[in-house]
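Trainee: The structure file upload.cif (mmCIF, C-alpha atoms and all ligand atoms) is provided below.
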```
data_input
#
loop_
_atom_site.label_atom_id
_atom_site.label_comp_id
_atom_site.auth_asym_id
_atom_site.auth_seq_id
_atom_site.Cartn_x
_atom_site.Cartn_y
_atom_site.Cartn_z
CA MET A 1 98.99 106.97 95.89
CA MET A 2 97.01 103.80 96.40
CA LYS A 3 93.66 103.89 98.14
CA SER A 4 93.58 101.02 100.58
CA PHE A 5 91.86 100.03 103.77
CA ARG A 6 92.79 97.72 106.58
CA ILE A 7 90.95 94.43 107.04
CA GLY A 8 92.87 93.08 110.02
CA SER A 9 96.32 92.04 111.09
CA LEU A 10 98.43 88.90 111.36
CA PHE A 11 101.50 88.61 113.62
CA GLY A 12 101.11 92.34 114.28
CA ILE A 13 101.33 93.21 110.57
CA PRO A 14 98.34 95.15 109.21
CA ILE A 15 96.71 93.47 106.18
CA LYS A 16 95.27 96.00 103.72
CA LEU A 17 93.07 95.77 100.66
CA ASP A 18 93.69 98.13 97.80
CA LEU A 19 90.67 99.31 95.80
CA THR A 20 92.09 97.69 92.64
CA PHE A 21 91.91 94.37 94.46
CA LEU A 22 88.14 94.69 94.80
CA LEU A 23 87.93 94.80 90.99
CA VAL A 24 90.24 91.87 90.47
CA LEU A 25 88.61 89.50 92.99
CA PRO A 26 85.23 89.22 91.17
CA LEU A 27 87.13 89.10 87.87
CA PHE A 28 89.12 86.10 89.09
CA ALA A 29 85.97 84.46 90.47
CA TYR A 30 84.35 84.96 87.06
CA LEU A 31 87.36 83.67 85.09
CA ILE A 32 87.68 80.57 87.26
CA GLY A 33 83.92 79.94 87.13
CA ALA A 34 83.85 80.34 83.35
CA GLN A 35 86.70 77.87 82.87
CA ILE A 36 85.52 75.31 85.35
CA GLU A 37 84.98 72.57 82.76
CA PRO A 38 88.44 72.59 81.11
CA VAL A 39 90.12 73.03 84.52
CA ALA A 40 88.16 70.09 85.99
CA ASP A 41 89.20 68.01 82.98
CA ILE A 42 92.85 68.90 83.56
CA LEU A 43 92.60 68.11 87.30
CA ASN A 44 90.97 64.79 86.49
CA GLU A 45 93.67 63.91 84.01
CA PHE A 46 96.77 64.99 85.94
CA LEU A 47 95.76 64.68 89.61
CA GLY A 48 93.28 61.85 89.14
CA ALA A 49 90.70 64.11 90.78
CA GLY A 50 87.69 62.07 89.72
CA ILE A 51 85.53 65.21 89.62
CA ASP A 52 82.05 64.77 88.12
CA VAL A 53 82.20 67.56 85.53
CA SER A 54 78.42 67.68 84.94
CA TYR A 55 77.95 68.20 88.72
CA VAL A 56 80.42 71.10 89.17
CA THR A 57 79.19 72.89 86.04
CA GLY A 58 75.56 72.72 87.12
CA GLY A 59 73.48 75.75 88.14
CA LEU A 60 75.23 78.45 90.19
CA LEU A 61 77.94 76.07 91.41
CA PRO A 62 80.64 77.28 88.94
CA TRP A 63 80.37 80.81 90.36
CA VAL A 64 80.36 79.62 93.97
CA LEU A 65 83.44 77.46 93.30
CA GLY A 66 85.05 80.28 91.29
CA PHE A 67 84.59 82.66 94.19
CA ALA A 68 85.91 80.11 96.73
CA ALA A 69 88.98 79.42 94.57
CA ALA A 70 89.63 83.17 94.06
CA VAL A 71 89.42 83.85 97.80
CA GLY A 72 91.63 80.80 98.44
CA LEU A 73 94.15 82.09 95.91
CA PHE A 74 94.38 85.44 97.69
CA VAL A 75 94.73 83.75 101.06
CA GLY A 76 97.69 81.96 99.44
CA VAL A 77 99.06 85.35 98.34
CA VAL A 78 98.77 86.73 101.89
CA LEU A 79 100.61 83.67 103.24
CA HIS A 80 103.30 84.18 100.56
CA GLU A 81 103.77 87.80 101.67
CA LEU A 82 103.79 86.71 105.32
CA GLY A 83 106.68 84.41 104.41
CA HIS A 84 108.68 87.44 103.24
CA SER A 85 107.53 89.60 106.15
CA LEU A 86 108.26 87.20 108.99
CA THR A 87 111.72 86.44 107.58
CA ALA A 88 112.42 90.17 107.27
CA GLN A 89 111.21 90.74 110.83
CA ARG A 90 113.57 88.03 112.04
CA TYR A 91 116.44 90.14 110.65
CA GLY A 92 115.06 93.21 112.39
CA PHE A 93 113.46 94.93 109.40
CA PRO A 94 110.11 96.44 110.37
CA ILE A 95 107.15 95.66 108.07
CA ASP A 96 104.65 98.48 107.62
CA SER A 97 101.88 96.38 106.08
CA ILE A 98 100.88 93.72 103.61
CA THR A 99 98.68 95.10 100.83
CA LEU A 100 96.64 93.12 98.32
CA TRP A 101 96.23 94.90 95.00
CA LEU A 102 95.81 94.36 91.27
CA PHE A 103 98.91 92.23 90.79
CA GLY A 104 98.74 90.26 94.03
CA GLY A 105 100.44 91.24 97.24
CA ILE A 106 103.07 93.67 98.45
CA ALA A 107 104.88 93.44 101.75
CA ALA A 108 106.08 96.96 102.52
CA LEU A 109 109.56 96.86 104.00
CA SER A 110 110.63 100.18 105.49
CA GLU A 111 114.16 99.52 104.27
CA MET A 112 115.86 96.93 102.12
CA PRO A 113 118.66 94.73 103.40
CA GLU A 114 121.96 95.14 101.62
CA ASP A 115 123.42 91.93 102.99
CA TRP A 116 123.00 89.41 100.17
CA ARG A 117 122.27 86.51 102.51
CA GLN A 118 119.42 88.38 104.21
CA GLU A 119 117.94 89.57 100.92
CA PHE A 120 118.20 86.05 99.51
CA ASN A 121 116.40 84.49 102.48
CA ILE A 122 113.68 87.16 102.59
CA ALA A 123 113.06 86.86 98.84
CA ILE A 124 112.99 83.07 98.67
CA ALA A 125 110.74 82.70 101.73
CA GLY A 126 107.67 83.77 99.69
CA PRO A 127 107.96 81.14 96.93
CA ILE A 128 108.82 78.50 99.54
CA VAL A 129 105.60 79.32 101.43
CA SER A 130 103.64 79.16 98.15
CA VAL A 131 105.01 75.70 97.42
CA LEU A 132 104.11 74.60 100.96
CA VAL A 133 100.57 76.02 100.58
CA GLY A 134 100.33 74.12 97.28
CA VAL A 135 101.45 70.91 98.96
CA ALA A 136 99.02 71.45 101.86
CA SER A 137 96.18 72.02 99.37
CA TYR A 138 97.16 68.82 97.62
CA VAL A 139 97.15 66.84 100.87
CA LEU A 140 93.67 68.19 101.72
CA PHE A 141 92.55 67.44 98.17
CA PHE A 142 93.87 63.90 98.57
CA LEU A 143 92.06 63.43 101.89
CA THR A 144 88.72 64.78 100.64
CA PRO A 145 86.36 61.98 99.55
CA GLU A 146 85.40 61.91 95.88
CA THR A 147 81.77 62.60 96.76
CA PHE A 148 82.76 66.19 97.61
CA GLY A 149 83.48 67.11 93.97
CA GLY A 150 83.27 70.87 94.55
CA ALA A 151 85.77 70.85 97.45
CA ARG A 152 88.12 68.61 95.46
CA PHE A 153 87.93 71.05 92.56
CA VAL A 154 88.83 74.07 94.73
CA LEU A 155 91.63 72.26 96.60
CA GLY A 156 93.12 70.71 93.48
CA TYR A 157 93.00 74.04 91.71
CA LEU A 158 94.66 75.81 94.66
CA ALA A 159 97.41 73.16 94.73
CA VAL A 160 98.20 73.93 91.08
CA LEU A 161 97.80 77.72 91.40
CA ASN A 162 100.07 78.10 94.43
CA VAL A 163 102.85 76.14 92.79
CA ALA A 164 102.32 78.24 89.64
CA LEU A 165 102.51 81.37 91.81
CA ALA A 166 105.85 80.23 93.21
CA ILE A 167 107.19 79.55 89.71
CA PHE A 168 105.91 82.90 88.36
CA ASN A 169 107.57 84.72 91.25
CA MET A 170 110.89 83.09 90.46
CA ILE A 171 111.07 84.98 87.15
CA PRO A 172 114.39 86.84 87.57
CA ALA A 173 112.99 90.36 87.22
CA PHE A 174 112.19 93.12 89.72
CA PRO A 175 109.81 93.38 91.48
CA MET A 176 109.37 89.62 91.36
CA ASP A 177 111.14 87.60 94.03
CA GLY A 178 113.35 86.06 91.36
CA GLY A 179 114.79 89.54 90.66
CA ARG A 180 115.79 89.98 94.30
CA ILE A 181 117.19 86.45 94.48
CA LEU A 182 119.23 87.15 91.35
CA ARG A 183 120.54 90.42 92.80
CA ALA A 184 121.43 88.72 96.08
CA LEU A 185 123.39 86.07 94.20
CA LEU A 186 125.10 88.68 92.02
CA ALA A 187 125.96 90.76 95.09
CA ARG A 188 128.08 87.93 96.44
CA GLY A 189 130.88 88.83 94.08
CA ARG A 190 130.38 92.52 93.31
CA PRO A 191 129.25 95.78 94.91
CA TYR A 192 125.54 96.04 95.63
CA PRO A 193 124.83 98.89 93.14
CA ARG A 194 126.47 96.97 90.29
CA ALA A 195 124.57 93.83 91.22
CA THR A 196 121.37 95.89 91.18
CA GLN A 197 122.10 97.32 87.76
CA GLN A 198 122.89 93.93 86.30
CA ALA A 199 119.80 92.37 87.85
CA ALA A 200 117.72 95.29 86.56
CA SER A 201 119.10 94.88 83.03
CA ILE A 202 118.26 91.18 83.04
CA GLY A 203 114.80 92.03 84.40
CA LYS A 204 114.22 94.57 81.62
CA LEU A 205 115.15 91.99 79.00
CA PHE A 206 112.63 89.60 80.54
CA ALA A 207 110.03 92.37 80.59
CA ILE A 208 110.59 93.09 76.90
CA ALA A 209 110.41 89.40 76.03
CA MET A 210 107.26 89.06 78.12
CA GLY A 211 105.72 92.14 76.47
CA LEU A 212 106.50 90.86 72.95
CA PHE A 213 105.10 87.47 73.80
CA GLY A 214 101.98 89.12 75.22
CA LEU A 215 101.65 91.17 72.04
CA PHE A 216 101.81 88.14 69.78
CA ALA A 217 99.53 86.11 72.03
CA PHE A 218 97.09 89.07 72.36
CA ASN A 219 97.41 88.71 76.11
CA ILE A 220 96.66 92.11 77.68
CA ILE A 221 97.38 90.95 81.23
CA LEU A 222 100.86 89.80 80.19
CA ILE A 223 101.55 93.13 78.47
CA GLY A 224 100.43 94.93 81.64
CA VAL A 225 102.69 92.82 83.83
CA ALA A 226 105.61 93.33 81.41
CA PHE A 227 105.12 97.10 81.50
CA PHE A 228 104.96 97.05 85.30
CA VAL A 229 108.11 94.91 85.55
CA TYR A 230 110.01 97.23 83.21
CA ILE A 231 109.11 100.33 85.24
CA ALA A 232 109.92 98.60 88.52
CA ALA A 233 113.33 97.42 87.28
CA SER A 234 114.21 100.94 86.12
CA SER A 235 113.15 102.68 89.32
CA GLU A 236 114.84 100.12 91.57
CA ALA A 237 118.09 100.52 89.64
CA GLN A 238 117.88 104.32 89.69
CA GLN A 239 117.20 104.51 93.41
CA VAL A 240 120.04 102.21 94.33
CA THR A 241 122.44 103.89 91.89
CA MET A 242 121.63 107.30 93.31
CA LYS A 243 122.11 106.12 96.87
CA ALA A 244 125.43 104.52 95.96
CA ALA A 245 126.62 107.51 93.92
CA PHE A 246 125.97 109.84 96.85
CA GLN A 247 127.38 107.52 99.48
CA ASP A 248 130.34 109.78 100.30
CA VAL A 249 128.88 113.06 99.09
CA THR A 250 127.80 115.74 101.53
CA VAL A 251 125.73 118.85 100.99
CA ARG A 252 128.92 120.92 101.28
CA ASP A 253 130.41 119.11 98.26
CA ILE A 254 127.65 120.06 95.86
CA MET A 255 126.03 123.24 97.23
CA THR A 256 126.44 126.71 95.78
CA THR A 257 128.66 128.38 98.37
CA ALA A 258 127.68 131.63 100.04
CA GLY A 259 130.44 133.50 98.17
CA ASP A 260 128.93 132.54 94.82
CA LEU A 261 125.42 133.13 96.00
CA HIS A 262 123.38 135.92 94.53
CA THR A 263 121.22 137.53 97.17
CA VAL A 264 118.47 140.09 96.96
CA GLU A 265 117.45 142.92 99.31
CA PRO A 266 114.02 142.75 100.91
CA ASP A 267 113.01 146.19 99.62
CA ALA A 268 113.82 145.43 95.96
CA SER A 269 110.71 145.44 93.81
CA VAL A 270 109.29 142.26 92.36
CA ALA A 271 109.87 143.72 88.87
CA GLU A 272 113.60 144.14 89.64
CA LEU A 273 113.73 140.62 91.02
CA ILE A 274 112.24 139.13 87.86
CA GLN A 275 114.65 141.15 85.74
CA ARG A 276 117.56 139.73 87.77
CA MET A 277 116.23 136.20 87.51
CA PHE A 278 116.06 136.71 83.78
CA THR A 279 119.62 137.99 83.35
CA GLU A 280 121.29 135.79 85.98
CA ARG A 281 119.17 132.75 85.15
CA HIS A 282 118.54 131.90 88.81
CA THR A 283 115.09 131.05 90.05
CA GLY A 284 115.69 131.33 93.80
CA TYR A 285 117.43 133.95 95.94
CA PRO A 286 118.11 134.22 99.66
CA VAL A 287 116.78 137.56 100.88
CA VAL A 288 119.46 139.35 102.91
CA GLU A 289 119.00 142.61 104.79
CA THR A 290 121.97 144.89 105.46
CA ASP A 291 121.72 146.82 108.70
CA GLY A 292 123.97 149.77 107.83
CA PHE A 293 126.78 148.63 110.11
CA GLY A 294 128.14 146.10 107.64
CA GLY A 295 126.12 143.30 109.23
CA GLU A 296 123.87 141.06 107.15
CA ARG A 297 120.73 139.31 108.18
CA LEU A 298 119.01 136.48 106.33
CA VAL A 299 115.30 137.22 106.33
CA GLY A 300 113.83 134.89 103.74
CA LEU A 301 113.97 133.10 100.43
CA VAL A 302 112.24 134.20 97.26
CA THR A 303 111.58 132.06 94.20
CA LEU A 304 110.24 132.58 90.71
CA SER A 305 106.89 131.10 91.68
CA ASP A 306 106.59 133.60 94.58
CA ALA A 307 107.24 136.43 92.12
CA ARG A 308 104.80 135.08 89.57
CA ASP A 309 101.97 135.25 92.08
CA ILE A 310 101.98 139.01 91.48
CA LYS A 311 100.29 140.24 88.29
CA PRO A 312 102.76 141.81 85.83
CA VAL A 313 101.21 145.29 86.12
CA GLU A 314 101.58 145.27 89.89
CA ARG A 315 105.16 144.02 90.07
CA ASP A 316 106.61 147.53 90.50
CA ALA A 317 104.41 148.14 93.51
CA TYR A 318 105.32 144.99 95.44
CA THR A 319 108.60 144.39 97.21
CA VAL A 320 110.48 141.13 97.69
CA SER A 321 109.72 141.18 101.43
CA GLU A 322 106.01 140.97 100.64
CA VAL A 323 106.26 137.82 98.55
CA MET A 324 109.21 135.96 100.06
CA THR A 325 108.99 132.80 102.16
CA THR A 326 110.01 133.25 105.77
CA ASP A 327 109.35 129.63 106.79
CA LEU A 328 112.81 128.52 105.72
CA LYS A 329 113.93 124.93 105.39
CA THR A 330 117.59 124.47 106.17
CA ILE A 331 120.14 121.71 106.11
CA ASP A 332 123.51 121.19 107.70
CA PRO A 333 126.50 121.29 105.31
CA ASP A 334 127.74 117.97 106.66
CA SER A 335 124.47 116.14 105.92
CA ASP A 336 124.41 113.53 103.16
CA ALA A 337 123.32 114.66 99.71
CA MET A 338 120.64 111.95 99.89
CA THR A 339 119.21 113.57 103.04
CA ALA A 340 118.95 116.88 101.17
CA ILE A 341 116.99 115.22 98.36
CA GLU A 342 114.68 113.53 100.84
CA ARG A 343 114.07 116.78 102.73
CA MET A 344 113.24 118.66 99.51
CA ARG A 345 110.87 115.89 98.48
CA GLU A 346 109.27 115.79 101.93
CA HIS A 347 108.55 119.54 101.94
CA GLY A 348 107.78 119.74 98.22
CA ILE A 349 110.38 122.46 97.66
CA GLY A 350 113.21 122.91 95.20
CA ARG A 351 115.97 124.36 97.40
CA LEU A 352 117.32 124.37 100.93
CA LEU A 353 119.46 126.93 102.72
CA VAL A 354 122.68 125.42 103.97
CA VAL A 355 123.26 126.66 107.48
CA ASP A 356 126.13 125.82 109.75
CA GLY A 357 125.49 125.16 113.43
CA ARG A 358 121.90 124.10 113.11
CA ASP A 359 121.44 123.94 116.89
CA GLU A 360 121.34 127.71 117.18
CA TRP A 361 118.78 127.93 114.39
CA GLY A 362 116.43 125.20 115.47
CA SER A 363 116.33 122.00 113.54
CA GLU A 364 113.97 123.30 110.87
CA GLY A 365 115.47 126.75 110.77
CA ALA A 366 112.79 128.57 112.70
CA PHE A 367 113.33 132.20 111.86
CA GLY A 368 111.47 133.59 114.82
CA ASP A 369 111.89 136.83 116.68
CA PRO A 370 114.53 138.12 116.84
CA ALA A 371 115.76 136.86 113.48
CA PRO A 372 119.11 135.15 113.91
CA ARG A 373 122.10 136.90 112.39
CA THR A 374 123.78 135.17 109.50
CA ASP A 375 127.32 136.12 110.63
CA GLY A 376 128.74 133.46 108.33
CA ASP A 377 126.10 130.97 109.36
CA LEU A 378 124.51 130.87 105.91
CA VAL A 379 127.15 128.86 104.09
CA GLY A 380 125.30 128.14 100.87
CA LEU A 381 122.23 127.06 98.99
CA ILE A 382 121.46 123.65 97.58
CA SER A 383 118.88 123.23 94.84
CA ARG A 384 117.39 120.23 93.12
CA SER A 385 119.32 121.12 89.98
CA ASP A 386 122.60 121.19 91.97
CA VAL A 387 121.82 117.65 93.06
CA MET A 388 120.90 116.44 89.59
CA THR A 389 124.01 118.00 88.06
CA ALA A 390 126.19 116.40 90.73
CA PHE A 391 124.49 113.06 90.12
CA ASP A 392 125.24 113.37 86.43
CA ILE A 393 128.91 114.10 87.15
CA VAL A 394 129.22 111.22 89.63
CA GLN A 395 127.71 108.81 87.13
CA LYS A 396 130.04 109.91 84.34
CA SER A 397 133.25 110.40 86.28
CA GLY A 398 132.79 108.24 89.35
CA SER A 399 133.22 111.09 91.82
CA VAL A 400 132.10 114.66 92.49
CA ASN A 401 135.54 115.83 93.49
CA PRO A 402 138.32 113.45 92.39
CA SER A 403 140.86 115.06 94.72
CA SER A 404 138.77 114.73 97.85
CA GLN A 405 140.10 112.50 100.57
CA PRO A 406 137.83 110.05 102.32
CA ARG A 407 136.41 111.88 105.29
CA ALA A 408 136.95 110.77 108.86
CA GLY A 409 134.01 108.89 110.24
CA ASP A 410 132.97 107.38 106.92
ZN ZN A 501 107.06 87.27 96.81
#
```
Take the structure in this file and express it as structure tokens.
Mentor:
Amino acid sequence: MMKSFRIGSLFGIPIKLDLTFLLVLPLFAYLIGAQIEPVADILNEFLGAGIDVSYVTGGLLPWVLGFAAAVGLFVGVVLHELGHSLTAQRYGFPIDSITLWLFGGIAALSEMPEDWRQEFNIAIAGPIVSVLVGVASYVLFFLTPETFGGARFVLGYLAVLNVALAIFNMIPAFPMDGGRILRALLARGRPYPRATQQAASIGKLFAIAMGLFGLFAFNIILIGVAFFVYIAASSEAQQVTMKAAFQDVTVRDIMTTAGDLHTVEPDASVAELIQRMFTERHTGYPVVETDGFGGERLVGLVTLSDARDIKPVERDAYTVSEVMTTDLKTIDPDSDAMTAIERMREHGIGRLLVVDGRDEWGSEGAFGDPAPRTDGDLVGLISRSDVMTAFDIVQKSGSVNPSSQPRAGD
């Protein structure tokens, strides 16, 4: 992910700098410094700045002023993000950090509010702060005597930039604030997932328009932003849709039940295992040991990648018990489908054993000594493809199991 380091904290929120930010800060300083003359002209014309252009363009001053304005701009961005963060904190949402990166700032909320009023207030707080920073810059600009041409340039420029930042952020596309404001407003009259999808569609249209405009104007930054907005809109919509689709779906609803489960014996050879995987088209098997008295014991899980670690010529000589995983990750059948996805992602694995009565097994399914007996405890297996198939069905039909009654406690 992003490489960032902490530079301090405000109101208990860590402020971090991403490495990409260190590239963009000198770039901004350079761009502002290089355009100091036309910008000073504009400030003189529209704000009556009275800046002596030959003074501010002399010697190293353009670069000093460019750097000061760039730093000031990013201070404005931090204040904008603080606006979001402090509003979110007021509603009880913890803020992990504020990070400055290539495209400005990100306030990392651990979770997103689904109450439209809260989302609206959190989203609009940033642009409001930017407008206030712009106004404050203007007041300081106004109070600074005309003899301080450099300071008037920086303050006047910051007044314009912060208001521009507020306007840019009101573009109704994720991840811009305008996208969240739009979703909040849409969510007043319809379910949150539908509001998200509509807001995402509008955002994608904006992204495409922005990208086309950038293409015709040969503006690479605009194309980059458009691309970023398009990706963000898609992923936001997908995440929310998935969460909504699986709202009432438990692991039990979508797992492969124990009765349908193909298992393998620990003393089967790896060659036999691969042959079975090939004919049954499964890539993961629970390893179950029979004790000769009709009892069964779950001893591990073996996957195609475990088997492939053995060279083809040696596959007859190795048994399943030598390659299987004994550090088993389990999940309760009554857990949410979303929890199963998160646990797979967290452990970087493709399947979980579904085990009833997790208390007896230890929360992570510690298969210590003596190995616990299955005795009906292993109720199924859930794989990433089970989840994706179920998601597909939910999206197309609206439900995994149309006959299922709403469960108690929902
Ligand atoms: Zn914002």
Trainee: Using only C-alpha atoms, can you tell me which of A:Glu114, A:Asp392, A:Asp316, A:Asp306 comes closest to Ser269 (chain A)?
Mentor: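 Comparing A:Glu114, A:Asp392, A:Asp316, A:Asp306 against Ser269 (chain A), the winner is A:Asp316.
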Trainee: Within 10 Å of ligand ZN 501 (chain A), counting all atoms listed in the file, which protein or nucleic acid residues do you find, written as a CSV table (one decimal) with C-alpha atoms, in the coordinates of the input?
Mentor:
```
chain,number,residue,atom,x,y,z
A,77,VAL,CA,99.1,85.4,98.3
A,78,VAL,CA,98.8,86.7,101.9
A,79,LEU,CA,100.6,83.7,103.2
A,80,HIS,CA,103.3,84.2,100.6
A,81,GLU,CA,103.8,87.8,101.7
A,82,LEU,CA,103.8,86.7,105.3
A,83,GLY,CA,106.7,84.4,104.4
A,84,HIS,CA,108.7,87.4,103.2
A,85,SER,CA,107.5,89.6,106.2
A,104,GLY,CA,98.7,90.3,94.0
A,105,GLY,CA,100.4,91.2,97.2
A,106,ILE,CA,103.1,93.7,98.4
A,107,ALA,CA,104.9,93.4,101.8
A,122,ILE,CA,113.7,87.2,102.6
A,123,ALA,CA,113.1,86.9,98.8
A,124,ILE,CA,113.0,83.1,98.7
A,125,ALA,CA,110.7,82.7,101.7
A,126,GLY,CA,107.7,83.8,99.7
A,127,PRO,CA,108.0,81.1,96.9
A,128,ILE,CA,108.8,78.5,99.5
A,129,VAL,CA,105.6,79.3,101.4
A,130,SER,CA,103.6,79.2,98.2
A,165,LEU,CA,102.5,81.4,91.8
A,166,ALA,CA,105.8,80.2,93.2
A,168,PHE,CA,105.9,82.9,88.4
A,169,ASN,CA,107.6,84.7,91.2
A,170,MET,CA,110.9,83.1,90.5
A,175,PRO,CA,109.8,93.4,91.5
A,176,MET,CA,109.4,89.6,91.4
A,177,ASP,CA,111.1,87.6,94.0
A,178,GLY,CA,113.4,86.1,91.4
A,180,ARG,CA,115.8,90.0,94.3
```
Trainee: Mind checking which residues fall within 9 Å of Leu73 (chain A), counting all atoms listed in the file, ignoring those fewer than 5 positions away in the same chain, and posting them as a PDB file with C-alpha atoms, keeping the file's coordinate frame?
Mentor:
```pdb
ATOM      1  CA  ALA A  68      85.910  80.110  96.730  1.00  0.00           C
ATOM      2  CA  VAL A  78      98.770  86.730 101.890  1.00  0.00           C
ATOM      3  CA  LEU A 158      94.660  75.810  94.660  1.00  0.00           C
ATOM      4  CA  LEU A 161      97.800  77.720  91.400  1.00  0.00           C
ATOM      5  CA  ASN A 162     100.070  78.100  94.430  1.00  0.00           C
TER       6      ASN A 162
END
```
Trainee: Mind listing as an MDAnalysis selection string all residues within 10 Å of (109.3, 97.2, 91.7), counting all atoms listed in the file?
Mentor: chainID A and resid 106 173:176 179 228:237
Trainee: Let me see the file: selected residues, C-alpha atoms, as a PDB file, in the frame of the given file.
Mentor:
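Here's the written file part09.pdb:
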```
ATOM      1  CA  ILE A 106     103.070  93.670  98.450  1.00  0.00           C
ATOM      2  CA  ALA A 173     112.990  90.360  87.220  1.00  0.00           C
ATOM      3  CA  PHE A 174     112.190  93.120  89.720  1.00  0.00           C
ATOM      4  CA  PRO A 175     109.810  93.380  91.480  1.00  0.00           C
ATOM      5  CA  MET A 176     109.370  89.620  91.360  1.00  0.00           C
ATOM      6  CA  GLY A 179     114.790  89.540  90.660  1.00  0.00           C
ATOM      7  CA  PHE A 228     104.960  97.050  85.300  1.00  0.00           C
ATOM      8  CA  VAL A 229     108.110  94.910  85.550  1.00  0.00           C
ATOM      9  CA  TYR A 230     110.010  97.230  83.210  1.00  0.00           C
ATOM     10  CA  ILE A 231     109.110 100.330  85.240  1.00  0.00           C
ATOM     11  CA  ALA A 232     109.920  98.600  88.520  1.00  0.00           C
ATOM     12  CA  ALA A 233     113.330  97.420  87.280  1.00  0.00           C
ATOM     13  CA  SER A 234     114.210 100.940  86.120  1.00  0.00           C
ATOM     14  CA  SER A 235     113.150 102.680  89.320  1.00  0.00           C
ATOM     15  CA  GLU A 236     114.840 100.120  91.570  1.00  0.00           C
ATOM     16  CA  ALA A 237     118.090 100.520  89.640  1.00  0.00           C
TER      17      ALA A 237
END
```
Trainee: With all atoms listed in the file as the atoms that count, which of A:Ala337, A:Ala271, A:Met324, A:Leu143 lies nearest to Ala49 (chain A)?
Mentor: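 Using all atoms listed in the file, Ala49 (chain A) sits closest to A:Leu143.
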